[in-house]
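Below is the file protein.txt, which contains compact mmCIF, C-alpha atoms.
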# COMPACT_ATOMS: atom_id res chain seq x y z
CA MET A 1 17.05 27.27 -10.55
CA THR A 2 19.40 29.40 -8.50
CA PRO A 3 22.30 28.00 -6.43
CA ASP A 4 20.45 29.09 -3.27
CA GLU A 5 17.41 27.02 -4.24
CA ARG A 6 19.60 23.98 -4.88
CA ASP A 7 21.16 24.38 -1.44
CA ILE A 8 17.69 24.65 0.16
CA ILE A 9 16.52 21.45 -1.55
CA ARG A 10 19.69 19.58 -0.58
CA ASP A 11 19.24 20.69 3.02
CA PHE A 12 15.61 19.55 2.89
CA LEU A 13 16.64 16.13 1.54
CA ASN A 14 19.31 15.81 4.23
CA GLN A 15 16.71 16.51 6.89
CA LEU A 16 14.39 13.92 5.36
CA ALA A 17 17.24 11.39 5.51
CA SER A 18 17.86 12.27 9.17
CA GLU A 19 14.16 11.89 9.92
CA GLU A 20 14.11 8.49 8.26
CA GLU A 21 17.18 7.44 10.23
CA THR A 22 15.15 7.75 13.44
CA LEU A 23 12.83 5.02 12.09
CA HIS A 24 15.64 2.57 11.33
CA ARG A 25 15.78 1.50 14.97
CA ASP A 26 12.20 0.20 14.87
CA ILE A 27 12.90 -1.67 11.64
CA ARG A 28 16.17 -3.06 13.00
CA LEU A 29 14.38 -4.41 16.09
CA ASP A 30 11.85 -6.23 13.88
CA ARG A 31 13.94 -9.41 13.77
CA VAL A 32 11.13 -11.78 12.75
CA GLY A 33 9.50 -9.55 10.13
CA LEU A 34 6.29 -8.63 11.98
CA ALA A 35 6.24 -5.08 10.62
CA PHE A 36 7.28 -6.32 7.18
CA ARG A 37 4.40 -8.81 7.02
CA THR A 38 1.84 -6.53 8.66
CA ALA A 39 2.62 -3.67 6.27
CA ILE A 40 2.09 -5.87 3.22
CA ASN A 41 -1.13 -7.28 4.70
CA GLU A 42 -2.45 -3.78 5.44
CA LEU A 43 -1.68 -2.59 1.91
CA ASP A 44 -3.39 -5.69 0.52
CA TRP A 45 -6.40 -5.09 2.77
CA TYR A 46 -6.53 -1.42 1.79
CA VAL A 47 -6.25 -2.15 -1.94
CA TRP A 48 -9.09 -4.68 -1.69
CA ASN A 49 -11.39 -2.20 0.02
CA TYR A 50 -10.23 0.67 -2.22
CA ARG A 51 -11.10 -1.33 -5.33
CA GLN A 52 -14.62 -1.91 -4.02
CA GLN A 53 -15.32 1.84 -4.14
CA GLN A 54 -16.96 2.88 -7.39
CA GLU A 55 -15.71 6.44 -6.86
CA PRO A 56 -12.97 6.75 -4.18
CA THR A 57 -12.99 9.97 -2.19
CA GLU A 58 -10.10 12.42 -2.26
CA GLU A 59 -9.18 11.34 1.28
CA GLN A 60 -9.11 7.65 0.25
CA GLU A 61 -6.91 8.44 -2.76
CA GLU A 62 -4.53 10.38 -0.53
CA GLN A 63 -4.37 7.54 2.01
CA TYR A 64 -3.76 4.99 -0.75
CA TYR A 65 -0.95 7.13 -2.18
CA LEU A 66 0.83 7.53 1.18
CA ILE A 67 0.36 3.90 2.24
CA SER A 68 1.70 2.67 -1.11
CA LEU A 69 4.80 4.86 -0.79
CA GLY A 70 5.32 3.93 2.85
CA VAL A 71 4.95 0.16 2.44
CA ALA A 72 7.31 0.09 -0.54
CA ARG A 73 9.89 2.04 1.46
CA LEU A 74 9.46 -0.18 4.53
CA VAL A 75 9.97 -3.31 2.44
CA LEU A 76 13.14 -1.87 0.87
CA LEU A 77 14.60 -0.74 4.21
CA SER A 78 13.72 -4.07 5.86
CA MET A 79 15.54 -5.99 3.14
CA GLN A 80 18.56 -3.68 3.41
CA ILE A 81 18.76 -3.86 7.22
CA HIS A 82 17.99 -7.59 7.57
CA ARG A 83 19.65 -10.25 5.47
CA GLY A 84 16.77 -12.58 6.22
CA TYR A 85 14.26 -13.65 8.85
CA PRO A 86 14.44 -16.80 11.01
CA VAL A 87 11.00 -18.07 9.91
CA PRO A 88 9.89 -18.46 6.27
CA ALA A 89 6.44 -16.93 6.79
CA LEU A 90 4.24 -15.42 9.46
CA THR A 91 0.48 -15.85 9.70
CA PHE A 92 -1.44 -14.20 12.50
CA ARG A 93 -4.74 -12.53 13.21
CA ARG A 94 -5.12 -8.83 12.47
CA GLN A 95 -4.37 -7.13 15.80
CA ARG A 96 -5.34 -3.51 16.43
CA ARG A 97 -2.23 -2.52 18.40
CA LEU A 98 0.14 -4.11 15.88
CA TYR A 99 -1.42 -2.75 12.71
CA SER A 100 -1.90 0.70 14.31
CA GLU A 101 1.81 0.89 15.13
CA VAL A 102 2.83 -0.36 11.69
CA LEU A 103 0.46 2.02 9.89
CA SER A 104 1.94 4.88 11.90
CA LEU A 105 5.42 3.82 10.77
CA VAL A 106 4.25 3.36 7.17
CA SER A 107 2.56 6.78 7.12
CA HIS A 108 5.74 8.39 8.47
CA LEU A 109 7.79 6.77 5.71
CA GLY A 110 5.13 7.72 3.14
CA PHE A 111 5.36 11.41 4.04
CA ILE A 112 9.14 11.27 3.82
CA GLN A 113 8.95 9.67 0.37
CA HIS A 114 6.39 12.27 -0.71
CA GLY A 115 8.85 14.96 0.39
CA ARG A 116 11.51 13.39 -1.81
CA ARG A 117 9.11 13.41 -4.76
CA VAL A 118 8.33 17.08 -4.22
CA SER A 119 12.07 17.77 -4.06
CA ASP A 120 12.51 16.02 -7.41
CA SER A 121 9.80 18.27 -8.84
CA ALA A 122 11.64 21.33 -7.54
CA PHE A 123 14.94 20.11 -9.05
CA ALA A 124 13.09 19.60 -12.37
CA GLY A 125 11.77 23.15 -12.24
CA PHE A 126 8.09 22.28 -11.75
CA CYS A 127 7.88 24.23 -8.49
CA GLN A 128 9.87 26.70 -6.42
CA VAL A 129 11.22 26.37 -2.91
CA THR A 130 12.04 28.95 -0.25
CA ARG A 131 12.94 28.85 3.42
CA ASP A 132 11.56 31.30 5.96
CA PRO A 133 13.48 32.73 8.96
CA GLU A 134 11.92 30.08 11.24
CA GLY A 135 13.52 27.35 9.11
CA ARG A 136 10.32 26.08 7.46
CA PHE A 137 10.57 24.92 3.86
CA ASN A 138 7.96 26.36 1.51
CA PHE A 139 7.31 24.67 -1.83
CA ILE A 140 5.39 26.95 -4.20
CA LEU A 141 3.42 25.00 -6.79
CA PRO A 142 2.15 26.50 -10.05
CA ALA A 143 -1.57 27.14 -10.51
CA GLY A 144 -1.82 24.10 -12.79
CA ILE A 145 0.31 21.01 -13.47
CA ILE A 146 -0.14 19.07 -16.70
CA ASP A 147 -0.60 15.35 -16.13
CA HIS A 148 0.32 13.75 -19.44
CA GLY A 149 -0.86 10.34 -18.26
CA ALA A 150 -4.24 11.50 -16.98
CA VAL A 151 -6.28 10.15 -19.90
CA GLU A 152 -4.69 6.70 -19.69
CA ASP A 153 -5.14 6.69 -15.90
CA ASP A 154 -8.81 7.65 -16.20
CA VAL A 155 -9.46 4.85 -18.70
CA SER A 156 -7.63 2.32 -16.52
CA HIS A 157 -9.47 3.42 -13.38
CA HIS A 158 -12.81 3.33 -15.23
CA PHE A 159 -12.37 -0.30 -16.26
CA SER A 160 -11.09 -1.27 -12.80
CA ARG A 161 -14.13 0.30 -11.16
CA GLU A 162 -16.46 -1.31 -13.70
CA MET A 163 -14.93 -4.73 -13.06
CA ALA A 164 -15.32 -4.23 -9.31
CA ARG A 165 -18.94 -3.10 -9.79
CA VAL A 166 -19.84 -6.09 -12.00
CA ARG A 167 -18.25 -8.49 -9.51
CA HIS A 168 -19.99 -6.79 -6.59
CA ASP A 169 -23.39 -6.81 -8.33
CA PHE A 170 -23.01 -10.47 -9.27
CA MET A 171 -22.26 -11.51 -5.69
CA ARG A 172 -25.53 -9.84 -4.62
CA THR A 173 -27.62 -12.00 -6.97
CA SER A 174 -29.05 -15.34 -5.81
CA GLU A 175 -26.48 -17.16 -7.96
CA GLY A 176 -23.67 -15.07 -6.51
CA ARG A 177 -24.85 -15.63 -2.92
CA ASN A 178 -25.02 -19.37 -3.54
CA LEU A 179 -21.48 -19.29 -4.92
CA GLN A 180 -20.28 -17.30 -1.91
CA ASN A 181 -21.85 -19.83 0.46
CA VAL A 182 -20.10 -22.68 -1.34
CA ILE A 183 -16.77 -20.79 -1.25
CA ASP A 184 -17.19 -20.09 2.47
CA GLU A 185 -17.86 -23.77 3.15
CA LEU A 186 -14.80 -24.79 1.14
CA HIS A 187 -12.70 -22.34 3.15
CA THR A 188 -13.92 -23.92 6.37
CA ASP A 189 -13.19 -27.41 5.06
CA ASN A 190 -9.80 -26.71 3.48
CA VAL A 191 -8.04 -24.04 5.56
CA PHE A 192 -6.55 -25.12 8.87
CA VAL A 193 -3.92 -24.21 11.45
CA PHE A 194 -0.65 -26.10 10.92
CA ARG A 195 1.72 -26.50 13.88
CA GLU A 196 0.13 -23.56 15.72
CA HIS A 197 1.95 -20.80 13.84
CA PHE A 198 1.18 -21.49 10.17
CA MET A 199 -1.86 -21.79 7.93
CA GLY A 200 -2.38 -24.98 5.95
CA TYR A 201 -4.38 -25.24 2.75
CA ASN A 202 -5.92 -28.22 1.04
CA ALA A 203 -6.70 -27.92 -2.66
CA ASP A 204 -10.11 -27.81 -4.30
CA PRO A 205 -10.78 -27.29 -8.04
CA LEU A 206 -13.60 -24.80 -7.42
CA LEU A 207 -11.47 -22.70 -5.07
CA ASP A 208 -8.62 -22.74 -7.60
CA GLU A 209 -10.93 -21.60 -10.39
CA PHE A 210 -12.62 -18.94 -8.24
CA TYR A 211 -9.36 -17.29 -7.21
CA PHE A 212 -7.77 -17.72 -10.64
CA GLN A 213 -10.68 -15.87 -12.26
CA THR A 214 -10.55 -13.14 -9.60
CA ALA A 215 -6.79 -12.70 -10.00
CA TRP A 216 -7.00 -12.79 -13.78
CA SER A 217 -9.66 -10.05 -13.90
CA ASP A 218 -7.54 -7.90 -11.55
CA LEU A 219 -4.42 -8.59 -13.58
CA LYS A 220 -6.06 -7.55 -16.85
CA ASN A 221 -6.96 -4.19 -15.31
CA ALA A 222 -3.69 -3.63 -13.45
CA ILE A 223 -1.50 -0.69 -14.47
CA GLY A 224 1.41 -1.90 -16.57
As structure tokens, what does this structure read like?
Amino acid sequence: MTPDERDIIRDFLNQLASEEETLHRDIRLDRVGLAFRTAINELDWYVWNYRQQQEPTEEQEEQYYLISLGVARLVLLSMQIHRGYPVPALTFRRQRRLYSEVLSLVSHLGFIQHGRRVSDSAFAGFCQVTRDPEGRFNFILPAGIIDHGAVEDDVSHHFSREMARVRHDFMRTSEGRNLQNVIDELHTDNVFVFREHFMGYNADPLLDEFYFQTAWSDLKNAIG
């Protein structure tokens, strides 16, 4: 890598940092953690729906990648900017305006983080970078990039998809539908609003077992 290329990448990273700085105001104004909580909920919601797909599309994989980067960055920045929040937890209905604004913020942060990853690749010599007279940065990728973890990722994704398929197929059987009806009734009986702003939960052995088995199957197929 030439000294000029290093200077271009450093300038690019500085501009990414400046771009991110413009988002700090929104995070700083989030004094009760609405964006923090909404971002985590949206990632959780997206992961759940993503796992239900037997073969995610390229667009879904790209969205998942950017949302994951953006939410992780939002959580880190929120914890750096705020020492804590005045309430221990927030529970609220999914609201279109709120989650649209937070997803916009998360996507913005995700693109910035992706830019930092590309810069790391350029520093490592995996791609080249130039800057045209208009000031645009151009990253030139090689025709092919070796992914040394591809085989392990494919095996992991295969078993995750198979687990999701088996679970989905079971819930469509008469036994699965009966179980779902029982679970829905237990939710109605055991989940309630507590002091207007919080959710309360009573315990039930069947609910505990149902969610433990679901979490355990996900955990066994989780990366790492």
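Those residues that approach A:Leu103 to within 9 Å, counting only C-alpha atoms, are Thr38, Ala39, Glu42, Ile67, Gly70, Val71, Leu98, Tyr99, Ser107 and His108 of chain A; same-chain residues fewer than 4 positions away are not listed.
Here the question is which of A:Phe36, A:Phe126, A:Glu209, A:Arg195 gets nearest to A:Asp147 using all atoms listed in the file, and that residue is A:Phe126.
Note that the spacing between atom CA of A:Ile8 and atom CA of A:Glu21 amounts to 19.9 Å.
Atom to atom, atom CA of A:His24 and atom CA of A:Gln63 stand 22.6 Å apart.
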Requested in this report: Provide the atom CA of A:Leu29 to atom CA of A:Arg96 distance in Å, to one decimal place.
Outcome: 19.7 Å
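The residue that comes closest to A:Val118, out of A:Thr2, A:Val32, A:Glu101, A:Leu141 and on the basis of only C-alpha atoms, is A:Leu141.
Closest to A:Tyr201 among A:Glu162, A:Glu62, A:Asp184, A:Asp189 is A:Asp189, based on all atoms listed in the file.
Take the candidates A:Ser121, A:Thr91, A:Gln113, A:Ser78 and check each one against A:Val193 using all atoms listed in the file; the shortest distance goes to A:Thr91.
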Do a neighbour search on A:Asp30 at 10 Å with all atoms listed in the file, toss out local chain neighbours closer than 3 positions, and write the hits as a compact mmCIF listing (two decimals) with C-alpha atoms, in the frame of the given file.
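Final output, saved to selection.txt:
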# COMPACT_ATOMS: atom_id res chain seq x y z
CA HIS A 24 15.64 2.57 11.33
CA ARG A 25 15.78 1.50 14.97
CA ASP A 26 12.20 0.20 14.87
CA ILE A 27 12.90 -1.67 11.64
CA GLY A 33 9.50 -9.55 10.13
CA LEU A 34 6.29 -8.63 11.98
CA ALA A 35 6.24 -5.08 10.62
CA PHE A 36 7.28 -6.32 7.18
CA SER A 78 13.72 -4.07 5.86
CA ILE A 81 18.76 -3.86 7.22
CA HIS A 82 17.99 -7.59 7.57
CA TYR A 85 14.26 -13.65 8.85
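The shortest atom-to-atom distance to A:His187, with all atoms listed in the file taken into account, belongs to A:Phe210 out of A:Phe210, A:Phe159, A:Phe170, A:Phe123.
Of the listed residues (A:Asn221, A:Asn181, A:Asn190, A:Ser18), A:Asn221 comes nearest to A:Asp153; the distances count only C-alpha atoms.
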Query - Distance query stretch 176-179 of chain A at most 12 Å, only C-alpha atoms, self and fewer than 5 positions along chain excluded, as a ChimeraX atom specification - result: /A:166-171,184-186,206-207,210
